[in-house]
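Participant: The file below is entry.cif, mmCIF, C-alpha atoms and all ligand atoms:
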data_target
loop_
_atom_site.label_atom_id
_atom_site.label_comp_id
_atom_site.auth_asym_id
_atom_site.auth_seq_id
_atom_site.Cartn_x
_atom_site.Cartn_y
_atom_site.Cartn_z
CA ASP A 1 0.00 0.00 0.00
CA VAL A 2 0.96 3.69 -0.11
CA ILE A 3 2.34 3.84 3.44
CA GLU A 4 4.47 0.77 2.82
CA SER A 5 5.93 2.20 -0.40
CA PHE A 6 6.67 5.54 1.34
CA ARG A 7 8.40 3.61 4.10
CA ARG A 8 10.54 1.84 1.50
CA VAL A 9 11.46 5.12 -0.26
CA ARG A 10 12.42 6.65 3.07
CA GLU A 11 14.55 3.62 3.98
CA ASP A 12 16.32 3.66 0.58
CA PHE A 13 17.06 7.37 0.93
CA THR A 14 18.36 6.97 4.49
CA ARG A 15 20.64 4.13 3.35
CA PHE A 16 21.74 6.26 0.37
CA MET A 17 22.73 9.24 2.58
CA LEU A 18 24.33 6.94 5.17
CA SER A 19 26.56 5.38 2.50
CA TYR A 20 28.10 8.84 1.91
CA ARG A 21 28.79 9.29 5.59
CA PHE A 22 30.45 5.87 5.67
CA GLY A 23 32.46 6.66 2.51
CA MET A 24 33.64 9.87 4.12
CA GLU A 25 34.60 7.98 7.29
CA GLU A 26 36.54 5.40 5.24
CA VAL A 27 38.56 8.24 3.69
CA THR A 28 39.21 9.96 7.03
CA THR A 29 40.33 6.64 8.56
CA LYS A 30 42.78 6.17 5.68
CA LEU A 31 44.11 9.70 6.26
CA GLU A 32 44.37 9.08 10.00
CA ILE A 33 46.40 5.91 9.34
CA LEU A 34 48.73 7.80 6.97
CA ARG A 35 49.13 10.63 9.47
CA GLU A 36 49.93 8.24 12.32
CA GLU A 37 52.37 6.22 10.20
CA PHE A 38 54.22 9.34 9.02
CA ALA A 39 54.38 10.62 12.58
CA GLN A 40 55.62 7.34 14.09
CA LEU A 41 58.06 6.24 11.36
CA HIS A 42 59.29 9.52 9.93
CA SER A 43 58.74 11.77 12.97
CA TYR A 44 56.94 14.10 10.63
CA ASN A 45 53.29 15.04 10.28
CA PRO A 46 52.33 16.31 6.81
CA ILE A 47 48.66 16.82 7.77
CA GLU A 48 47.64 19.85 9.82
CA HIS A 49 43.96 18.97 9.99
CA VAL A 50 41.15 17.10 8.27
CA SER A 51 37.56 18.29 8.12
CA THR A 52 34.47 16.69 6.65
CA ARG A 53 31.08 17.84 5.48
CA LEU A 54 28.03 16.03 4.22
CA LYS A 55 25.58 17.87 1.98
CA SER A 56 22.11 18.05 3.52
CA PRO A 57 19.37 16.03 1.77
CA GLU A 58 17.75 19.38 0.80
CA SER A 59 20.86 20.70 -0.94
CA VAL A 60 21.41 17.34 -2.69
CA VAL A 61 17.87 17.51 -4.07
CA ASP A 62 18.30 21.24 -4.96
CA LYS A 63 21.52 20.57 -6.87
CA ALA A 64 20.01 17.57 -8.67
CA THR A 65 16.97 19.65 -9.69
CA ARG A 66 19.17 22.57 -10.87
CA ARG A 67 21.22 20.18 -13.00
CA GLY A 68 18.20 18.33 -14.39
CA VAL A 69 19.52 15.04 -13.00
CA GLU A 70 17.31 11.98 -13.50
CA PRO A 71 15.20 11.84 -10.29
CA SER A 72 16.50 8.53 -8.96
CA LEU A 73 19.11 7.55 -6.39
CA ASP A 74 21.25 6.01 -9.17
CA GLY A 75 20.93 9.23 -11.19
CA ILE A 76 22.06 11.30 -8.21
CA ARG A 77 24.86 8.84 -7.34
CA SER A 78 26.42 9.13 -10.79
CA SER A 79 25.92 12.89 -11.32
CA ILE A 80 26.35 14.61 -7.95
CA THR A 81 29.84 13.77 -6.78
CA ASP A 82 30.30 16.21 -3.90
CA ILE A 83 27.71 14.90 -1.45
CA ALA A 84 30.56 13.72 0.79
CA GLY A 85 33.48 16.12 1.15
CA VAL A 86 36.80 15.75 2.95
CA ARG A 87 39.28 18.61 3.25
CA VAL A 88 42.90 17.83 4.06
CA THR A 89 44.97 20.81 5.16
CA CYS A 90 48.70 20.19 4.90
CA SER A 91 51.78 22.05 6.06
CA PHE A 92 53.46 22.41 2.65
CA VAL A 93 52.51 22.17 -1.03
CA SER A 94 54.72 19.09 -1.44
CA ASP A 95 52.82 17.48 1.47
CA ALA A 96 49.49 18.07 -0.30
CA TYR A 97 50.77 16.11 -3.33
CA ARG A 98 52.42 13.51 -1.14
CA VAL A 99 49.24 12.77 0.86
CA PHE A 100 47.21 12.77 -2.38
CA ASP A 101 49.59 10.17 -3.89
CA ALA A 102 49.53 8.03 -0.74
CA LEU A 103 45.71 8.01 -0.77
CA VAL A 104 45.06 7.38 -4.46
CA ASP A 105 47.76 4.69 -4.70
CA GLN A 106 45.64 2.46 -2.44
CA PRO A 107 44.06 -0.39 -4.43
CA ASP A 108 40.50 0.12 -3.12
CA VAL A 109 40.53 3.81 -4.04
CA VAL A 110 39.46 4.60 -7.60
CA VAL A 111 40.18 8.09 -8.91
CA ARG A 112 37.32 9.49 -10.97
CA THR A 113 38.63 13.00 -11.62
CA VAL A 114 41.43 15.26 -10.51
CA LYS A 115 41.42 19.06 -10.77
CA ASP A 116 44.76 20.58 -9.94
CA TYR A 117 44.00 24.19 -9.02
CA ILE A 118 47.47 24.42 -7.43
CA ALA A 119 49.21 23.96 -10.78
CA GLU A 120 46.48 26.02 -12.46
CA PRO A 121 44.71 28.34 -10.01
CA LYS A 122 41.16 29.51 -10.75
CA PRO A 123 40.91 33.03 -12.26
CA ASN A 124 39.95 34.42 -8.82
CA GLY A 125 43.18 32.99 -7.33
CA TYR A 126 41.66 29.91 -5.68
CA ARG A 127 44.22 27.12 -5.20
CA SER A 128 43.70 23.52 -4.00
CA LEU A 129 44.05 20.02 -5.38
CA HIS A 130 40.65 18.37 -5.85
CA ALA A 131 39.98 14.70 -6.43
CA ILE A 132 36.78 12.73 -6.71
CA VAL A 133 37.61 9.27 -5.42
CA GLU A 134 35.35 6.27 -5.29
CA ILE A 135 35.51 4.04 -2.25
CA PRO A 136 33.67 0.76 -1.53
CA VAL A 137 31.30 0.72 1.43
CA PHE A 138 29.93 -2.65 2.55
CA LEU A 139 26.32 -2.43 3.69
CA SER A 140 24.11 -5.38 4.72
CA SER A 141 22.35 -4.92 1.36
CA GLY A 142 25.67 -5.28 -0.51
CA PRO A 143 28.63 -3.11 -1.52
CA VAL A 144 28.23 0.41 -2.87
CA HIS A 145 30.91 2.50 -4.52
CA VAL A 146 30.65 5.93 -3.01
CA PRO A 147 32.19 9.06 -4.57
CA VAL A 148 33.92 11.37 -2.10
CA GLU A 149 35.33 14.79 -3.00
CA VAL A 150 38.72 15.24 -1.36
CA GLN A 151 40.37 18.66 -1.34
CA PHE A 152 44.09 18.92 -0.51
CA ARG A 153 45.47 22.34 0.35
CA THR A 154 48.01 24.14 2.51
CA VAL A 155 47.25 26.26 5.57
CA ALA A 156 47.82 29.39 3.44
CA MET A 157 45.42 28.17 0.73
CA ASP A 158 42.85 27.32 3.40
CA PHE A 159 43.17 30.74 5.03
CA TRP A 160 42.59 32.47 1.68
CA ALA A 161 39.68 30.20 0.64
CA THR A 162 37.90 30.58 3.98
CA LEU A 163 38.00 34.39 3.83
CA GLU A 164 37.13 34.49 0.11
CA HIS A 165 34.12 32.27 0.80
CA LYS A 166 32.89 34.66 3.51
CA ILE A 167 33.39 37.70 1.25
CA PHE A 168 31.65 35.95 -1.65
CA TYR A 169 28.59 35.29 0.52
CA LYS A 170 28.65 38.75 2.08
CA PHE A 171 28.28 40.23 -1.42
CA ASP A 172 25.85 37.48 -2.42
CA GLY A 173 28.23 36.43 -5.21
CA ALA A 174 28.41 39.95 -6.75
CA VAL A 175 31.88 40.83 -5.41
CA PRO A 176 32.95 44.37 -6.50
CA PRO A 177 35.83 44.36 -9.06
CA GLU A 178 38.28 46.11 -6.70
CA VAL A 179 37.67 43.44 -4.05
CA VAL A 180 38.11 40.71 -6.69
CA ALA A 181 41.46 42.29 -7.66
CA GLN A 182 42.57 42.48 -4.03
CA LEU A 183 41.62 38.86 -3.47
CA ARG A 184 43.62 37.83 -6.53
CA GLU A 185 46.60 39.78 -5.21
CA SER A 186 46.31 38.20 -1.75
CA ALA A 187 46.13 34.74 -3.39
CA SER A 188 49.52 35.47 -5.02
CA THR A 189 50.87 36.57 -1.64
CA ALA A 190 49.64 33.30 -0.12
CA ALA A 191 51.29 31.33 -2.97
CA ARG A 192 54.59 33.17 -2.38
CA LEU A 193 54.33 32.45 1.32
CA ASP A 194 53.90 28.73 0.53
CA GLU A 195 57.06 28.83 -1.61
CA GLU A 196 59.05 30.64 1.07
CA MET A 197 57.95 28.29 3.85
CA GLU A 198 58.81 25.26 1.73
CA ARG A 199 62.28 26.71 1.03
CA LEU A 200 62.77 27.47 4.71
CA HIS A 201 61.70 23.96 5.68
CA ASP A 202 64.10 22.41 3.17
CA ALA A 203 66.93 24.63 4.40
CA VAL A 204 66.36 23.52 8.00
CA HIS A 205 65.55 19.84 7.46
CA GLY A 206 67.09 19.14 4.03
CA PRO A 207 64.98 18.60 0.89
CA ARG A 208 62.36 15.89 1.03
CA GLU A 209 61.83 13.25 -1.63
CA PRO A 210 60.70 15.00 -4.81
CA THR A 211 56.96 15.18 -5.35
CA ALA A 212 56.77 16.95 -8.66
CA PRO A 213 53.99 19.50 -8.96
CA GLY A 214 51.64 18.10 -11.56
CA ALA A 215 52.32 14.55 -10.33
CA ALA A 216 48.58 14.55 -9.75
CA ASP A 217 47.96 14.76 -13.50
CA ALA A 218 49.44 11.31 -13.98
CA ALA A 219 46.69 9.85 -11.81
CA VAL A 220 43.78 11.25 -13.79
CA SER A 221 41.78 8.31 -15.03
P1 LIG A 301 31.33 23.86 -0.03
O1 LIG A 301 30.36 24.42 0.94
O2 LIG A 301 32.76 24.08 0.35
O3 LIG A 301 31.06 22.44 -0.38
P2 LIG A 301 30.51 21.55 -8.53
O4 LIG A 301 29.57 22.69 -8.77
O5 LIG A 301 31.07 21.56 -7.14
O6 LIG A 301 29.94 20.21 -8.84
P3 LIG A 301 32.90 22.52 -9.71
O7 LIG A 301 32.61 23.97 -9.57
O8 LIG A 301 33.61 22.11 -10.96
O9 LIG A 301 31.62 21.66 -9.62
O10 LIG A 301 33.72 22.01 -8.49
P4 LIG A 301 35.16 22.42 -8.05
O11 LIG A 301 35.72 23.49 -8.90
O12 LIG A 301 35.93 21.13 -7.97
O13 LIG A 301 34.92 23.07 -6.62
C1 LIG A 301 33.99 22.64 -5.68
C2 LIG A 301 34.39 23.02 -4.26
O14 LIG A 301 35.71 23.59 -4.21
C3 LIG A 301 33.51 24.11 -3.66
O15 LIG A 301 32.41 23.49 -3.07
C4 LIG A 301 34.44 24.77 -2.65
O16 LIG A 301 34.56 23.97 -1.49
C5 LIG A 301 35.76 24.74 -3.37
N1 LIG A 301 35.94 25.91 -4.23
C6 LIG A 301 36.00 25.91 -5.59
N2 LIG A 301 36.22 27.13 -6.08
C7 LIG A 301 36.31 27.95 -5.01
C8 LIG A 301 36.54 29.36 -4.86
O17 LIG A 301 36.69 30.10 -5.81
N3 LIG A 301 36.58 29.85 -3.59
C9 LIG A 301 36.42 29.05 -2.49
N4 LIG A 301 36.47 29.62 -1.29
N5 LIG A 301 36.18 27.71 -2.59
C10 LIG A 301 36.13 27.17 -3.82
P5 LIG A 301 31.05 24.26 -2.82
O18 LIG A 301 29.96 23.27 -2.99
O19 LIG A 301 30.99 25.51 -3.64
O20 LIG A 301 31.11 24.71 -1.36
#
What do you get writing this file as structure tokens?
Facilitator:
Amino acid sequence: DVIESFRRVREDFTRFMLSYRFGMEEVTTKLEILREEFAQLHSYNPIEHVSTRLKSPESVVDKATRRGVEPSLDGIRSSITDIAGVRVTCSFVSDAYRVFDALVDQPDVVVRTVKDYIAEPKPNGYRSLHAIVEIPVFLSSGPVHVPVEVQFRTVAMDFWATLEHKIFYKFDGAVPPEVVAQLRESASTAARLDEEMERLHDAVHGPREPTAPGAADAAVS
């Protein structure tokens, strides 16, 4: 009857949203293991902090509607890839690439797309390394392959992006041109700061194993 079919739809949707939370937790556990291993074996921690966010059911439905996605859970699963988001803030640019490599080299992690906004910043100055990875989650109903958006950035990139995000919302997206120009300028300052800190670190501790910028490109599937 109608109540029974509504109950089933609700259960399917709850399981669908839960799978993203579990996918996100799988990724954070992998990062936690890498962090701990680096710290214990190399006495070095490349990860400053990790944060997560799950899109609300309302904003998932809004985004799907805006994009004209087929109104089914499978349609949403294949088209909306940022329902689960993990942000990894690293100390240095080379660490961002190094942690990225260590994550995507794992056999159960499948890379769907990579956008390297560190090698090629957005026109507004935004820098970060983005990857959509697919991770298996084993539910009682069977395995699901969940896409998770992982953003790798430095503390300086994170500082800039957090403030830019606030300014963008303050102006409701219509940021005045002079503010846009100042933001672009401050993004260059942040990029220079990253370079200087990396040089300083290498001078004090000696250069680390090379992690060529753009190494991420090789992993694009
Ligand atoms: P939130 O609240 O952080 O999740 P998409 O529309 O996401 O499917 P797009 O635009 O190709 O497709 O995705 P992209 O470029 O990979 O970037 C998506 C996310 O990166 C954003 O998510 C932000 O988190 C971050 N981001 C991208 N560009 C900028 C920027 O110019 N400034 C800042 N501050 N962050 C940026 P959401 O969903 O917008 O926001």
Participant: Quick one: residues within 6 Å of ligand LIG 301 (chain A), with all atoms listed in the file, as a list in words?
Facilitator: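 I would give the residues around ligand LIG 301 (chain A) as Tyr126, His130, Ala161, Thr162, Glu164 and His165 of chain A.
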Participant: For Ala102 (chain A), work out the shell of residues within 12 Å, counting only C-alpha atoms and skipping chain neighbours fewer than 3 positions away, then give it as a ChimeraX atom specification.
Facilitator: /A:27,30-35,37-38,46,95-99,105-107,109,211,215-216,219
Participant: Selection from above, C-alpha atoms, as a compact mmCIF listing (two decimals), keeping the file's coordinate frame, can you write it?
Facilitator:
# COMPACT_ATOMS: atom_id res chain seq x y z
CA VAL A 27 38.56 8.24 3.69
CA LYS A 30 42.78 6.17 5.68
CA LEU A 31 44.11 9.70 6.26
CA GLU A 32 44.37 9.08 10.00
CA ILE A 33 46.40 5.91 9.34
CA LEU A 34 48.73 7.80 6.97
CA ARG A 35 49.13 10.63 9.47
CA GLU A 37 52.37 6.22 10.20
CA PHE A 38 54.22 9.34 9.02
CA PRO A 46 52.33 16.31 6.81
CA ASP A 95 52.82 17.48 1.47
CA ALA A 96 49.49 18.07 -0.30
CA TYR A 97 50.77 16.11 -3.33
CA ARG A 98 52.42 13.51 -1.14
CA VAL A 99 49.24 12.77 0.86
CA ASP A 105 47.76 4.69 -4.70
CA GLN A 106 45.64 2.46 -2.44
CA PRO A 107 44.06 -0.39 -4.43
CA VAL A 109 40.53 3.81 -4.04
CA THR A 211 56.96 15.18 -5.35
CA ALA A 215 52.32 14.55 -10.33
CA ALA A 216 48.58 14.55 -9.75
CA ALA A 219 46.69 9.85 -11.81
Participant: May I have the residues at most 10 Å from (30.3, 13.3, 2.3) in the file's coordinates, counting only C-alpha atoms, as JSON, numbers by chain?
Facilitator: {"A": [17, 18, 19, 20, 21, 22, 23, 24, 25, 27, 52, 53, 54, 55, 56, 81, 82, 83, 84, 85, 86, 146, 147, 148, 149, 150]}
Participant: As an exercise, work out the distance from CA of Pro71 (chain A) to CA of Arg10 (chain A) in Å and give it to one decimal place.
Facilitator: 14.6 Å
Participant: Restricting the calculation to all atoms listed in the file: of A:Tyr44, A:Phe168, A:Phe16, A:Phe159, which residue gets closest to Ser72 (chain A)?
Facilitator: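 Checking each candidate against Ser72 (chain A), we get A:Phe16 as the closest.
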Participant: Can you measure CA of Ile3 (chain A) to CA of Val144 (chain A) for me? One decimal in Å is fine.
Facilitator: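 Straight-line distance from CA of Ile3 (chain A) to CA of Val144 (chain A) works out to 26.9 Å.
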Participant: Would you please work out which residue, of A:Asp158, A:Glu120, A:Gly173, A:Asp1, is nearest to Ser51 (chain A) when using only C-alpha atoms?
Facilitator: A:Asp158
Participant: Rounded to one decimal in Å, what is the spacing between CA of Gln151 (chain A) and CA of Val88 (chain A)?
Facilitator: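 The value is 6.0 Å.
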Participant: So which residues touch His49 (chain A) within 9 Å, counting all atoms listed in the file, skipping near sequence neighbours fewer than 6 positions away, as JSON, numbers by chain?
Facilitator: {"A": [87, 88, 89, 90]}
Participant: Of the residues A:Ser59, A:Ser94, A:Ser78, A:Ser5, which is the one nearest to Arg199 (chain A), using only C-alpha atoms?
Facilitator: A:Ser94
Participant: Could you check which of A:Arg67, A:Glu36, A:Val155, A:Thr113 is closest to Leu193 (chain A), using all atoms listed in the file?
Facilitator: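 Once distances to Leu193 (chain A) are computed over all atoms listed in the file, the minimum belongs to A:Val155.
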